[in-house]
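The structure file final.pdb is reproduced below (PDB, C-alpha atoms).
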```pdb
ATOM      1  CA  MET J 650       0.000   0.000   0.000
ATOM      2  CA  ARG J 651       1.418   3.358  -1.021
ATOM      3  CA  ARG J 652       0.452   6.796   0.194
ATOM      4  CA  GLY J 653       1.622  10.004  -1.414
ATOM      5  CA  PRO J 654       4.356   9.353  -3.987
ATOM      6  CA  SER J 655       1.945   8.548  -6.838
ATOM      7  CA  VAL J 656      -0.160  11.681  -6.216
ATOM      8  CA  ASP J 657       0.452  15.116  -7.715
ATOM      9  CA  PRO J 658      -0.021  17.575  -4.816
ATOM     10  CA  HIS J 659      -0.625  20.578  -7.101
ATOM     11  CA  LEU J 660      -3.737  22.583  -6.249
ATOM     12  CA  PRO J 661      -5.376  24.987  -8.694
ATOM     13  CA  ASP J 662      -5.400  28.660  -7.818
ATOM     14  CA  ALA J 663      -8.311  30.211  -5.929
ATOM     15  CA  ALA J 664      -9.790  31.750  -9.092
ATOM     16  CA  SER J 665     -10.479  28.281 -10.457
ATOM     17  CA  ARG J 666     -12.302  26.943  -7.418
ATOM     18  CA  PRO J 667     -15.747  25.468  -8.128
ATOM     19  CA  PRO J 668     -18.914  25.808  -6.054
ATOM     20  CA  GLU J 669     -18.960  24.770  -2.427
ATOM     21  CA  GLY J 670     -19.404  21.075  -1.812
ATOM     22  CA  MET J 671     -16.615  19.738  -4.033
ATOM     23  CA  ALA J 672     -13.141  18.500  -3.119
ATOM     24  CA  TRP J 673     -10.006  18.767  -5.230
ATOM     25  CA  ILE J 674      -8.691  15.378  -6.372
ATOM     26  CA  PRO J 675      -5.063  15.758  -7.467
ATOM     27  CA  GLY J 676      -3.904  13.990 -10.596
ATOM     28  CA  GLY J 677      -1.614  11.002 -10.296
ATOM     29  CA  THR J 678      -1.030   7.346 -11.082
ATOM     30  CA  PHE J 679      -2.369   4.301  -9.283
ATOM     31  CA  GLN J 680      -2.869   0.565  -9.557
ATOM     32  CA  MET J 681      -6.420   0.164 -10.836
ATOM     33  CA  GLY J 682      -8.390  -2.990 -10.120
ATOM     34  CA  SER J 683      -7.735  -6.000  -7.897
ATOM     35  CA  ASP J 684      -6.582  -9.564  -8.466
ATOM     36  CA  ASP J 685      -7.866 -10.734  -5.082
ATOM     37  CA  PHE J 686     -11.670 -10.655  -5.298
ATOM     38  CA  TYR J 687     -14.050 -10.877  -8.286
ATOM     39  CA  PRO J 688     -13.052 -11.722 -11.895
ATOM     40  CA  GLU J 689     -14.395  -8.472 -13.375
ATOM     41  CA  GLU J 690     -11.894  -6.495 -11.271
ATOM     42  CA  ARG J 691      -8.898  -8.101 -13.013
ATOM     43  CA  PRO J 692      -6.219  -7.470 -14.106
ATOM     44  CA  VAL J 693      -4.532  -4.818 -11.998
ATOM     45  CA  HIS J 694      -2.961  -2.216 -14.283
ATOM     46  CA  GLU J 695      -1.355   1.188 -13.875
ATOM     47  CA  VAL J 696      -3.519   4.174 -14.766
ATOM     48  CA  ALA J 697      -2.946   7.940 -14.637
ATOM     49  CA  VAL J 698      -5.694  10.544 -14.233
ATOM     50  CA  GLY J 699      -5.612  14.319 -14.364
ATOM     51  CA  GLY J 700      -6.749  16.534 -11.512
ATOM     52  CA  PHE J 701     -10.459  17.195 -11.047
ATOM     53  CA  TRP J 702     -13.035  18.366  -8.530
ATOM     54  CA  MET J 703     -15.556  15.881  -7.136
ATOM     55  CA  ASP J 704     -18.722  16.224  -5.086
ATOM     56  CA  VAL J 705     -17.843  15.400  -1.501
ATOM     57  CA  HIS J 706     -20.941  13.229  -1.179
ATOM     58  CA  PRO J 707     -23.519  11.620  -3.468
ATOM     59  CA  VAL J 708     -26.235  13.905  -4.818
ATOM     60  CA  THR J 709     -28.971  14.042  -2.199
ATOM     61  CA  VAL J 710     -32.743  13.846  -2.464
ATOM     62  CA  ALA J 711     -32.968  17.568  -1.638
ATOM     63  CA  GLU J 712     -30.429  18.496  -4.316
ATOM     64  CA  PHE J 713     -32.215  16.410  -6.921
ATOM     65  CA  ALA J 714     -35.531  17.967  -5.894
ATOM     66  CA  ALA J 715     -34.066  21.423  -6.608
ATOM     67  CA  PHE J 716     -33.096  20.247 -10.099
ATOM     68  CA  VAL J 717     -36.611  18.899 -10.757
ATOM     69  CA  ALA J 718     -38.215  22.103  -9.432
ATOM     70  CA  ALA J 719     -36.016  24.246 -11.688
ATOM     71  CA  THR J 720     -36.411  22.196 -14.864
ATOM     72  CA  GLY J 721     -39.589  20.122 -14.604
ATOM     73  CA  TYR J 722     -37.507  17.030 -15.354
ATOM     74  CA  VAL J 723     -39.313  13.679 -15.303
ATOM     75  CA  THR J 724     -37.167  10.646 -14.477
ATOM     76  CA  VAL J 725     -37.179   7.381 -16.373
ATOM     77  CA  ALA J 726     -39.002   5.638 -13.507
ATOM     78  CA  GLU J 727     -41.844   8.160 -13.796
ATOM     79  CA  ARG J 728     -42.414   7.416 -17.494
ATOM     80  CA  PRO J 729     -44.339   4.412 -18.858
ATOM     81  CA  PRO J 730     -41.980   1.822 -20.364
ATOM     82  CA  ASP J 731     -42.064   1.545 -24.152
ATOM     83  CA  PRO J 732     -43.744  -1.798 -25.056
ATOM     84  CA  ALA J 733     -41.331  -2.100 -27.987
ATOM     85  CA  ASP J 734     -38.466  -2.405 -25.517
ATOM     86  CA  TYR J 735     -40.123  -5.303 -23.681
ATOM     87  CA  PRO J 736     -41.810  -7.575 -26.223
ATOM     88  CA  GLY J 737     -44.096 -10.120 -24.614
ATOM     89  CA  ALA J 738     -44.209  -8.292 -21.273
ATOM     90  CA  ASP J 739     -47.400  -8.296 -19.233
ATOM     91  CA  PRO J 740     -49.161  -5.007 -20.161
ATOM     92  CA  ALA J 741     -50.115  -4.582 -16.496
ATOM     93  CA  LEU J 742     -46.432  -4.156 -15.693
ATOM     94  CA  LEU J 743     -45.758  -1.530 -18.366
ATOM     95  CA  VAL J 744     -46.524   1.326 -16.010
ATOM     96  CA  PRO J 745     -44.203   3.850 -14.348
ATOM     97  CA  GLY J 746     -42.195   2.176 -11.630
ATOM     98  CA  SER J 747     -38.822   0.770 -10.715
ATOM     99  CA  ILE J 748     -36.914  -2.001  -8.980
ATOM    100  CA  VAL J 749     -37.020  -2.334  -5.195
ATOM    101  CA  PHE J 750     -35.447  -4.646  -2.645
ATOM    102  CA  ARG J 751     -37.564  -6.950  -0.487
ATOM    103  CA  ARG J 752     -35.898  -8.891   2.298
ATOM    104  CA  THR J 753     -36.595 -12.625   2.123
ATOM    105  CA  PRO J 754     -38.121 -14.439   5.134
ATOM    106  CA  GLY J 755     -35.169 -16.802   5.338
ATOM    107  CA  PRO J 756     -32.158 -18.182   3.454
ATOM    108  CA  THR J 757     -32.728 -18.398  -0.291
ATOM    109  CA  ASN J 758     -31.028 -19.261  -3.557
ATOM    110  CA  LEU J 759     -28.395 -16.548  -4.045
ATOM    111  CA  ALA J 760     -28.060 -17.412  -7.728
ATOM    112  CA  ASP J 761     -31.472 -15.894  -8.506
ATOM    113  CA  HIS J 762     -31.713 -12.158  -7.784
ATOM    114  CA  ARG J 763     -35.459 -12.278  -8.430
ATOM    115  CA  ASN J 764     -35.819 -13.653  -4.923
ATOM    116  CA  TRP J 765     -35.188 -10.166  -3.504
ATOM    117  CA  TRP J 766     -35.455  -7.672  -6.396
ATOM    118  CA  HIS J 767     -39.019  -6.854  -7.499
ATOM    119  CA  TRP J 768     -40.665  -4.519  -9.997
ATOM    120  CA  GLN J 769     -42.712  -1.990  -8.024
ATOM    121  CA  PRO J 770     -45.236   0.249  -9.823
ATOM    122  CA  GLY J 771     -44.982   3.797  -8.516
ATOM    123  CA  ALA J 772     -41.431   3.483  -7.186
ATOM    124  CA  GLN J 773     -39.400   6.574  -8.116
ATOM    125  CA  TRP J 774     -36.954   9.023  -6.562
ATOM    126  CA  ARG J 775     -39.532  10.647  -4.269
ATOM    127  CA  GLU J 776     -40.759   7.274  -2.994
ATOM    128  CA  PRO J 777     -37.908   4.883  -3.716
ATOM    129  CA  ASP J 778     -39.515   1.828  -2.119
ATOM    130  CA  GLY J 779     -42.930   2.430  -3.685
ATOM    131  CA  PRO J 780     -45.996   4.554  -2.919
ATOM    132  CA  GLY J 781     -46.112   5.632   0.704
ATOM    133  CA  SER J 782     -42.409   5.031   1.388
ATOM    134  CA  GLY J 783     -41.780   8.751   1.944
ATOM    135  CA  GLY J 784     -38.342   9.062   0.426
ATOM    136  CA  ALA J 785     -38.801  12.773  -0.275
ATOM    137  CA  ALA J 786     -38.649  13.411   3.470
ATOM    138  CA  ARG J 787     -35.111  11.986   3.580
ATOM    139  CA  GLY J 788     -33.596  15.066   2.014
ATOM    140  CA  ASP J 789     -30.065  14.438   3.282
ATOM    141  CA  HIS J 790     -29.958  10.843   1.993
ATOM    142  CA  PRO J 791     -28.546   9.994  -1.447
ATOM    143  CA  VAL J 792     -31.124  10.182  -4.205
ATOM    144  CA  THR J 793     -31.901   6.763  -5.687
ATOM    145  CA  GLN J 794     -34.174   5.395  -8.415
ATOM    146  CA  VAL J 795     -32.231   7.407 -10.982
ATOM    147  CA  ALA J 796     -31.360   5.831 -14.328
ATOM    148  CA  TYR J 797     -28.162   6.747 -16.140
ATOM    149  CA  GLY J 798     -29.910   9.405 -18.235
ATOM    150  CA  ASP J 799     -31.356  10.984 -15.098
ATOM    151  CA  ALA J 800     -27.910  11.245 -13.512
ATOM    152  CA  ALA J 801     -26.417  12.674 -16.706
ATOM    153  CA  ALA J 802     -29.229  15.249 -16.976
ATOM    154  CA  TYR J 803     -28.628  16.459 -13.405
ATOM    155  CA  ALA J 804     -24.879  16.618 -14.001
ATOM    156  CA  ALA J 805     -25.333  18.731 -17.127
ATOM    157  CA  TRP J 806     -27.759  21.076 -15.360
ATOM    158  CA  SER J 807     -25.332  21.587 -12.483
ATOM    159  CA  GLY J 808     -22.297  22.196 -14.728
ATOM    160  CA  ARG J 809     -20.751  18.834 -13.913
ATOM    161  CA  ASP J 810     -19.948  15.540 -15.630
ATOM    162  CA  LEU J 811     -20.234  12.014 -14.354
ATOM    163  CA  PRO J 812     -16.814  10.593 -13.443
ATOM    164  CA  THR J 813     -15.084   7.952 -15.490
ATOM    165  CA  GLU J 814     -14.474   4.645 -13.764
ATOM    166  CA  ALA J 815     -10.767   5.457 -13.416
ATOM    167  CA  GLU J 816     -11.474   8.884 -11.913
ATOM    168  CA  TRP J 817     -13.975   7.397  -9.482
ATOM    169  CA  GLU J 818     -11.623   4.637  -8.336
ATOM    170  CA  PHE J 819      -8.642   6.985  -7.970
ATOM    171  CA  ALA J 820     -10.765   9.362  -5.886
ATOM    172  CA  ALA J 821     -12.168   6.541  -3.763
ATOM    173  CA  ARG J 822      -8.704   5.319  -2.828
ATOM    174  CA  GLY J 823      -7.873   8.689  -1.281
ATOM    175  CA  GLY J 824      -4.136   8.196  -1.756
ATOM    176  CA  LEU J 825      -4.091   4.620  -0.427
ATOM    177  CA  ASP J 826      -2.813   2.833  -3.517
ATOM    178  CA  GLY J 827      -3.473  -0.900  -3.388
ATOM    179  CA  ALA J 828      -5.534  -0.927  -0.180
ATOM    180  CA  ALA J 829      -8.502  -3.301  -0.137
ATOM    181  CA  TYR J 830     -10.898  -0.726   1.313
ATOM    182  CA  VAL J 831     -11.333   3.020   1.080
ATOM    183  CA  TRP J 832      -9.880   3.396   4.596
ATOM    184  CA  GLY J 833      -7.183   0.675   4.512
ATOM    185  CA  ASN J 834      -6.917  -3.105   4.657
ATOM    186  CA  GLU J 835      -8.938  -3.876   7.793
ATOM    187  CA  VAL J 836     -12.677  -4.132   7.215
ATOM    188  CA  ALA J 837     -13.649  -2.707  10.623
ATOM    189  CA  PRO J 838     -10.718  -1.046  12.435
ATOM    190  CA  ASP J 839     -11.110  -1.487  16.201
ATOM    191  CA  GLY J 840     -14.528  -3.000  15.501
ATOM    192  CA  ARG J 841     -15.868   0.259  14.064
ATOM    193  CA  PRO J 842     -18.092   0.120  10.954
ATOM    194  CA  MET J 843     -16.588   2.421   8.336
ATOM    195  CA  ALA J 844     -19.435   2.377   5.823
ATOM    196  CA  ASN J 845     -23.150   1.661   5.494
ATOM    197  CA  THR J 846     -23.231  -1.993   4.415
ATOM    198  CA  TRP J 847     -25.119  -5.185   5.265
ATOM    199  CA  GLN J 848     -24.138  -7.101   8.392
ATOM    200  CA  GLY J 849     -25.465 -10.630   8.661
ATOM    201  CA  GLU J 850     -26.650 -13.120   6.066
ATOM    202  CA  PHE J 851     -27.960 -11.501   2.895
ATOM    203  CA  PRO J 852     -30.815 -11.242   1.894
ATOM    204  CA  TRP J 853     -32.733 -12.247   5.010
ATOM    205  CA  GLN J 854     -30.756 -11.358   8.150
ATOM    206  CA  ASN J 855     -29.592  -7.778   8.633
ATOM    207  CA  LEU J 856     -28.035  -7.205  12.057
ATOM    208  CA  VAL J 857     -27.862  -3.415  11.497
ATOM    209  CA  THR J 858     -24.714  -3.079  13.607
ATOM    210  CA  ASP J 859     -23.776   0.009  11.580
ATOM    211  CA  GLY J 860     -27.020   1.703  12.632
ATOM    212  CA  TYR J 861     -28.744   1.781   9.233
ATOM    213  CA  GLU J 862     -30.978  -0.736   7.494
ATOM    214  CA  GLY J 863     -31.480   1.332   4.326
ATOM    215  CA  THR J 864     -29.688   4.406   3.053
ATOM    216  CA  SER J 865     -28.050   6.733   5.559
ATOM    217  CA  PRO J 866     -27.649  10.524   5.556
ATOM    218  CA  VAL J 867     -24.605  11.491   3.510
ATOM    219  CA  GLY J 868     -21.530  11.993   5.660
ATOM    220  CA  SER J 869     -22.599   9.560   8.387
ATOM    221  CA  PHE J 870     -19.269   7.725   8.185
ATOM    222  CA  PRO J 871     -15.692   9.040   8.091
ATOM    223  CA  PRO J 872     -14.356  10.607   4.866
ATOM    224  CA  ASN J 873     -11.445   9.161   2.930
ATOM    225  CA  GLY J 874      -8.036  10.756   2.455
ATOM    226  CA  PHE J 875      -9.379  13.224  -0.104
ATOM    227  CA  GLY J 876     -12.257  14.341   2.122
ATOM    228  CA  LEU J 877     -14.916  12.364   0.217
ATOM    229  CA  PHE J 878     -17.823  10.714   2.014
ATOM    230  CA  ASP J 879     -19.665   7.504   1.119
ATOM    231  CA  MET J 880     -17.171   6.240  -1.452
ATOM    232  CA  ALA J 881     -17.977   2.806  -0.022
ATOM    233  CA  GLY J 882     -21.438   1.547   0.837
ATOM    234  CA  ASN J 883     -24.658   3.555   1.200
ATOM    235  CA  VAL J 884     -25.417   3.593  -2.559
ATOM    236  CA  TRP J 885     -23.705   2.413  -5.699
ATOM    237  CA  GLU J 886     -22.764   5.274  -8.027
ATOM    238  CA  TRP J 887     -23.001   5.641 -11.795
ATOM    239  CA  THR J 888     -19.864   6.320 -13.827
ATOM    240  CA  SER J 889     -19.719   7.375 -17.469
ATOM    241  CA  ASP J 890     -17.798   4.309 -18.690
ATOM    242  CA  LEU J 891     -19.564   1.580 -20.615
ATOM    243  CA  TYR J 892     -19.127  -1.781 -18.943
ATOM    244  CA  ARG J 893     -16.708  -4.431 -20.083
ATOM    245  CA  PRO J 894     -16.396  -7.826 -18.357
ATOM    246  CA  ASP J 895     -12.739  -7.410 -17.418
ATOM    247  CA  HIS J 896     -10.740  -4.528 -16.025
ATOM    248  CA  ARG J 897      -8.285  -4.340 -18.895
ATOM    249  CA  ALA J 898      -7.374  -0.843 -20.011
ATOM    250  CA  PRO J 899      -8.306   0.037 -23.615
ATOM    251  CA  THR J 900      -4.758   0.008 -24.956
ATOM    252  CA  THR J 901      -2.186  -2.352 -26.424
ATOM    253  CA  PRO J 902       1.271  -2.169 -24.821
ATOM    254  CA  ALA J 903       4.233  -1.679 -27.121
ATOM    255  CA  CYS J 904       6.130  -4.877 -27.818
ATOM    256  CA  CYS J 905       9.126  -5.476 -25.615
ATOM    257  CA  GLY J 906       9.113  -1.942 -24.209
ATOM    258  CA  PRO J 907       8.601  -0.810 -20.624
ATOM    259  CA  SER J 908       5.050  -0.727 -19.386
ATOM    260  CA  ARG J 909       3.519   2.711 -19.104
ATOM    261  CA  PRO J 910       0.394   3.912 -17.325
ATOM    262  CA  VAL J 911      -2.746   4.354 -19.348
ATOM    263  CA  ILE J 912      -3.679   8.048 -19.217
ATOM    264  CA  ASP J 913      -7.294   9.018 -18.462
ATOM    265  CA  PRO J 914      -8.895   5.848 -19.880
ATOM    266  CA  ARG J 915     -12.524   6.083 -21.000
ATOM    267  CA  ILE J 916     -14.566   3.144 -22.187
ATOM    268  CA  VAL J 917     -16.845   4.464 -24.916
ATOM    269  CA  SER J 918     -17.577   1.270 -26.847
ATOM    270  CA  ALA J 919     -20.759  -0.621 -26.023
ATOM    271  CA  ALA J 920     -19.249  -3.884 -27.270
ATOM    272  CA  GLY J 921     -19.324  -6.413 -24.457
ATOM    273  CA  SER J 922     -21.554  -4.258 -22.270
ATOM    274  CA  PHE J 923     -24.816  -6.111 -22.947
ATOM    275  CA  ALA J 924     -26.066  -8.581 -20.367
ATOM    276  CA  PRO J 925     -26.611 -12.031 -21.905
ATOM    277  CA  GLY J 926     -30.147 -13.347 -21.576
ATOM    278  CA  TRP J 927     -31.638 -10.011 -20.514
ATOM    279  CA  PRO J 928     -35.382  -9.920 -21.299
ATOM    280  CA  GLY J 929     -36.597  -7.509 -23.954
ATOM    281  CA  ARG J 930     -34.446  -5.228 -26.055
ATOM    282  CA  PRO J 931     -30.810  -5.285 -24.923
ATOM    283  CA  PHE J 932     -29.615  -2.052 -23.347
ATOM    284  CA  PRO J 933     -25.926  -1.237 -22.889
ATOM    285  CA  ARG J 934     -24.596  -1.259 -19.351
ATOM    286  CA  ARG J 935     -22.537   1.433 -17.617
ATOM    287  CA  VAL J 936     -20.119   0.805 -14.766
ATOM    288  CA  MET J 937     -21.328   1.447 -11.244
ATOM    289  CA  LYS J 938     -18.912   1.650  -8.324
ATOM    290  CA  GLY J 939     -18.743   1.630  -4.545
ATOM    291  CA  GLY J 940     -21.219  -0.968  -3.303
ATOM    292  CA  SER J 941     -24.279  -0.181  -1.214
ATOM    293  CA  TYR J 942     -26.153  -0.781   2.004
ATOM    294  CA  LEU J 943     -27.134  -4.165   0.524
ATOM    295  CA  CYS J 944     -23.552  -5.429   0.094
ATOM    296  CA  ALA J 945     -22.719  -8.335   2.408
ATOM    297  CA  PRO J 946     -19.613 -10.548   2.611
ATOM    298  CA  ASN J 947     -21.654 -13.696   1.895
ATOM    299  CA  TYR J 948     -22.965 -12.305  -1.399
ATOM    300  CA  CYS J 949     -21.529  -8.945  -2.500
ATOM    301  CA  LEU J 950     -18.189  -7.954  -0.987
ATOM    302  CA  ARG J 951     -18.107  -4.917  -3.236
ATOM    303  CA  TYR J 952     -17.816  -1.958  -0.870
ATOM    304  CA  ARG J 953     -14.232  -1.560  -2.096
ATOM    305  CA  PRO J 954     -12.660   0.930  -4.536
ATOM    306  CA  ALA J 955     -11.743  -1.764  -7.091
ATOM    307  CA  ALA J 956     -15.218  -3.323  -7.120
ATOM    308  CA  ARG J 957     -17.357  -2.777 -10.186
ATOM    309  CA  GLN J 958     -20.565  -4.002 -11.770
ATOM    310  CA  GLY J 959     -22.498  -3.265 -14.936
ATOM    311  CA  GLN J 960     -25.954  -1.678 -14.737
ATOM    312  CA  SER J 961     -28.366  -1.409 -17.651
ATOM    313  CA  ILE J 962     -28.767   2.257 -18.575
ATOM    314  CA  GLU J 963     -32.565   2.201 -18.505
ATOM    315  CA  SER J 964     -32.683   0.702 -15.005
ATOM    316  CA  SER J 965     -33.051   2.498 -11.714
ATOM    317  CA  THR J 966     -32.960   0.858  -8.314
ATOM    318  CA  ALA J 967     -33.318   1.660  -4.628
ATOM    319  CA  HIS J 968     -29.554   1.326  -4.019
ATOM    320  CA  LEU J 969     -27.997   3.317  -6.876
ATOM    321  CA  GLY J 970     -27.170   7.040  -6.997
ATOM    322  CA  PHE J 971     -24.381   9.250  -8.356
ATOM    323  CA  ARG J 972     -22.077  12.235  -7.831
ATOM    324  CA  GLY J 973     -20.472  14.707 -10.234
ATOM    325  CA  VAL J 974     -17.041  15.962 -11.210
ATOM    326  CA  VAL J 975     -15.598  19.112 -12.770
ATOM    327  CA  ARG J 976     -12.361  18.564 -14.649
ATOM    328  CA  GLN J 977      -9.476  20.984 -14.523
ATOM    329  CA  GLY J 978      -8.837  22.803 -17.806
ATOM    330  CA  PRO J 979      -5.370  22.671 -19.453
ATOM    331  CA  THR J 980      -4.453  26.202 -18.369
ATOM    332  CA  GLY J 981      -5.499  25.869 -14.726
ATOM    333  CA  ALA J 982      -8.966  27.372 -15.215
ATOM    334  CA  LEU J 983     -12.225  25.520 -14.964
ATOM    335  CA  PRO J 984     -13.895  24.631 -18.285
ATOM    336  CA  ALA J 985     -16.424  27.232 -19.431
TER     337      ALA J 985
END
```
Take the structure from the file and write it as structure tokens.
Amino acid sequence: MRRGPSVDPHLPDAASRPPEGMAWIPGGTFQMGSDDFYPEERPVHEVAVGGFWMDVHPVTVAEFAAFVAATGYVTVAERPPDPADYPGADPALLVPGSIVFRRTPGPTNLADHRNWWHWQPGAQWREPDGPGSGGAARGDHPVTQVAYGDAAAYAAWSGRDLPTEAEWEFAARGGLDGAAYVWGNEVAPDGRPMANTWQGEFPWQNLVTDGYEGTSPVGSFPPNGFGLFDMAGNVWEWTSDLYRPDHRAPTTPACCGPSRPVIDPRIVSAAGSFAPGWPGRPFPRRVMKGGSYLCAPNYCLRYRPAARQGQSIESSTAHLGFRGVVRQGPTGALPA
């Protein structure tokens, strides 16, 4: 585990500082991915990213509500699904709604996610668990039930972008290159929960030793080395990269020469991003990072910076949100 030498300490001048609520992430190189956990995190490879600003916490319900009030935006979950996208689907299900988690009454087959994920008519960002769930009252919690297009629309409105996978992972590590977790290599230092995750046997037994059964207010757990909150657990977060089933950088190393870091990689090809066997019209998947309050060691040990999964762009769920970035311009000024 390295701290410091791979990070460029340069800070932009005061004239280039963005709005309150963002932290400066210095450019640098790091070892992206992990060879120790899930196959899609392999192989570890050296990557370099430029400096950028990042929201210190995921976009909250209150912040998203301000966007909707200013623009009249209607999220994907609030629109009726297009029957052409879901041939053969029950017409009764082609109504506005989204995917919600339901705890099972006991141990179940972990190979079938339909045992705990359910389509819920009326579920959307204001009521993420369905009608009557009162999510709009949780203004300081991360907004959920936002599809990729919803997150991108908010980012554009607020003068931000969604981070690339490499930017997100570099930021999550907080200067701890190679550490298993955002805070180091010990899952619970001195027995202290460091993130909002699932304790117990997923998906039926949640011991709630971290104090939260669902989402938690942003900033409820310690920040990482860059001052960022909730880079592990609470909610997964969208990135702009299209998903690929391995962690290989989109480059071919020169024959027989020294290896060099890949600079600011961005996965823009949809090839390989489609989920095999997905019902209806195939939608490309984007990378989501960070894990959520539903991640448990017996099923989803993904509240780690290297962890990654693909999420279909038209999908929204009760455990997925986002945060934005502003990239530093080449002359030290923020982009116009």
>> List as a PyMOL selection string the protein and nucleic acid residues near segment 696-712 of chain J, meaning an atom at most 8 Å away when only C-alpha atoms are counted, but skip any in the same chain fewer than 2 places from it.
In response: chain J and resi 667+670-681+694+714-716+774-775+784-785+787-793+815-816+819+867-868+876-880+886+910-914+970-977
Please write the residues from the selection above to a file, keeping C-alpha atoms, as a PDB file, in the coordinates of the input.
```pdb
ATOM      1  CA  PRO J 667     -15.747  25.468  -8.128  1.00  0.00           C
ATOM      2  CA  GLY J 670     -19.404  21.075  -1.812  1.00  0.00           C
ATOM      3  CA  MET J 671     -16.615  19.738  -4.033  1.00  0.00           C
ATOM      4  CA  ALA J 672     -13.141  18.500  -3.119  1.00  0.00           C
ATOM      5  CA  TRP J 673     -10.006  18.767  -5.230  1.00  0.00           C
ATOM      6  CA  ILE J 674      -8.691  15.378  -6.372  1.00  0.00           C
ATOM      7  CA  PRO J 675      -5.063  15.758  -7.467  1.00  0.00           C
ATOM      8  CA  GLY J 676      -3.904  13.990 -10.596  1.00  0.00           C
ATOM      9  CA  GLY J 677      -1.614  11.002 -10.296  1.00  0.00           C
ATOM     10  CA  THR J 678      -1.030   7.346 -11.082  1.00  0.00           C
ATOM     11  CA  PHE J 679      -2.369   4.301  -9.283  1.00  0.00           C
ATOM     12  CA  GLN J 680      -2.869   0.565  -9.557  1.00  0.00           C
ATOM     13  CA  MET J 681      -6.420   0.164 -10.836  1.00  0.00           C
ATOM     14  CA  HIS J 694      -2.961  -2.216 -14.283  1.00  0.00           C
ATOM     15  CA  ALA J 714     -35.531  17.967  -5.894  1.00  0.00           C
ATOM     16  CA  ALA J 715     -34.066  21.423  -6.608  1.00  0.00           C
ATOM     17  CA  PHE J 716     -33.096  20.247 -10.099  1.00  0.00           C
ATOM     18  CA  TRP J 774     -36.954   9.023  -6.562  1.00  0.00           C
ATOM     19  CA  ARG J 775     -39.532  10.647  -4.269  1.00  0.00           C
ATOM     20  CA  GLY J 784     -38.342   9.062   0.426  1.00  0.00           C
ATOM     21  CA  ALA J 785     -38.801  12.773  -0.275  1.00  0.00           C
ATOM     22  CA  ARG J 787     -35.111  11.986   3.580  1.00  0.00           C
ATOM     23  CA  GLY J 788     -33.596  15.066   2.014  1.00  0.00           C
ATOM     24  CA  ASP J 789     -30.065  14.438   3.282  1.00  0.00           C
ATOM     25  CA  HIS J 790     -29.958  10.843   1.993  1.00  0.00           C
ATOM     26  CA  PRO J 791     -28.546   9.994  -1.447  1.00  0.00           C
ATOM     27  CA  VAL J 792     -31.124  10.182  -4.205  1.00  0.00           C
ATOM     28  CA  THR J 793     -31.901   6.763  -5.687  1.00  0.00           C
ATOM     29  CA  ALA J 815     -10.767   5.457 -13.416  1.00  0.00           C
ATOM     30  CA  GLU J 816     -11.474   8.884 -11.913  1.00  0.00           C
ATOM     31  CA  PHE J 819      -8.642   6.985  -7.970  1.00  0.00           C
ATOM     32  CA  VAL J 867     -24.605  11.491   3.510  1.00  0.00           C
ATOM     33  CA  GLY J 868     -21.530  11.993   5.660  1.00  0.00           C
ATOM     34  CA  GLY J 876     -12.257  14.341   2.122  1.00  0.00           C
ATOM     35  CA  LEU J 877     -14.916  12.364   0.217  1.00  0.00           C
ATOM     36  CA  PHE J 878     -17.823  10.714   2.014  1.00  0.00           C
ATOM     37  CA  ASP J 879     -19.665   7.504   1.119  1.00  0.00           C
ATOM     38  CA  MET J 880     -17.171   6.240  -1.452  1.00  0.00           C
ATOM     39  CA  GLU J 886     -22.764   5.274  -8.027  1.00  0.00           C
ATOM     40  CA  PRO J 910       0.394   3.912 -17.325  1.00  0.00           C
ATOM     41  CA  VAL J 911      -2.746   4.354 -19.348  1.00  0.00           C
ATOM     42  CA  ILE J 912      -3.679   8.048 -19.217  1.00  0.00           C
ATOM     43  CA  ASP J 913      -7.294   9.018 -18.462  1.00  0.00           C
ATOM     44  CA  PRO J 914      -8.895   5.848 -19.880  1.00  0.00           C
ATOM     45  CA  GLY J 970     -27.170   7.040  -6.997  1.00  0.00           C
ATOM     46  CA  PHE J 971     -24.381   9.250  -8.356  1.00  0.00           C
ATOM     47  CA  ARG J 972     -22.077  12.235  -7.831  1.00  0.00           C
ATOM     48  CA  GLY J 973     -20.472  14.707 -10.234  1.00  0.00           C
ATOM     49  CA  VAL J 974     -17.041  15.962 -11.210  1.00  0.00           C
ATOM     50  CA  VAL J 975     -15.598  19.112 -12.770  1.00  0.00           C
ATOM     51  CA  ARG J 976     -12.361  18.564 -14.649  1.00  0.00           C
ATOM     52  CA  GLN J 977      -9.476  20.984 -14.523  1.00  0.00           C
TER      53      GLN J 977
END
```
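Among the candidates J:Ala956, J:Met843, J:Val884, J:Ala805, the one nearest to His896 of chain J when counting all atoms listed in the file is J:Ala956.
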>> Please enumerate the residues selected by the PyMOL selection byres ((chain J and resi 948-954) around 10) when evaluated against the supplied file, formatted as a count of residues only.
In response: 50
>> I'd like the residues picked by the PyMOL selection byres ((chain J and resi 754) around 12) written out as a list in words, using the chain letters and numbers from the file.
In response: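 On this input, the PyMOL selection byres ((chain J and resi 754) around 12) captures Arg751, Arg752, Thr753, Gly755, Pro756, Thr757, Asn764, Trp765, Glu850, Phe851, Pro852, Trp853, Gln854 and Asn855 of chain J.
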Taking C-alpha atoms for each residue, export the selection above as a compact mmCIF listing (two decimals), in the frame of the given file.
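The result, written out as part.txt:
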```
# COMPACT_ATOMS: atom_id res chain seq x y z
CA ARG J 751 -37.56 -6.95 -0.49
CA ARG J 752 -35.90 -8.89 2.30
CA THR J 753 -36.60 -12.62 2.12
CA GLY J 755 -35.17 -16.80 5.34
CA PRO J 756 -32.16 -18.18 3.45
CA THR J 757 -32.73 -18.40 -0.29
CA ASN J 764 -35.82 -13.65 -4.92
CA TRP J 765 -35.19 -10.17 -3.50
CA GLU J 850 -26.65 -13.12 6.07
CA PHE J 851 -27.96 -11.50 2.90
CA PRO J 852 -30.82 -11.24 1.89
CA TRP J 853 -32.73 -12.25 5.01
CA GLN J 854 -30.76 -11.36 8.15
CA ASN J 855 -29.59 -7.78 8.63
```
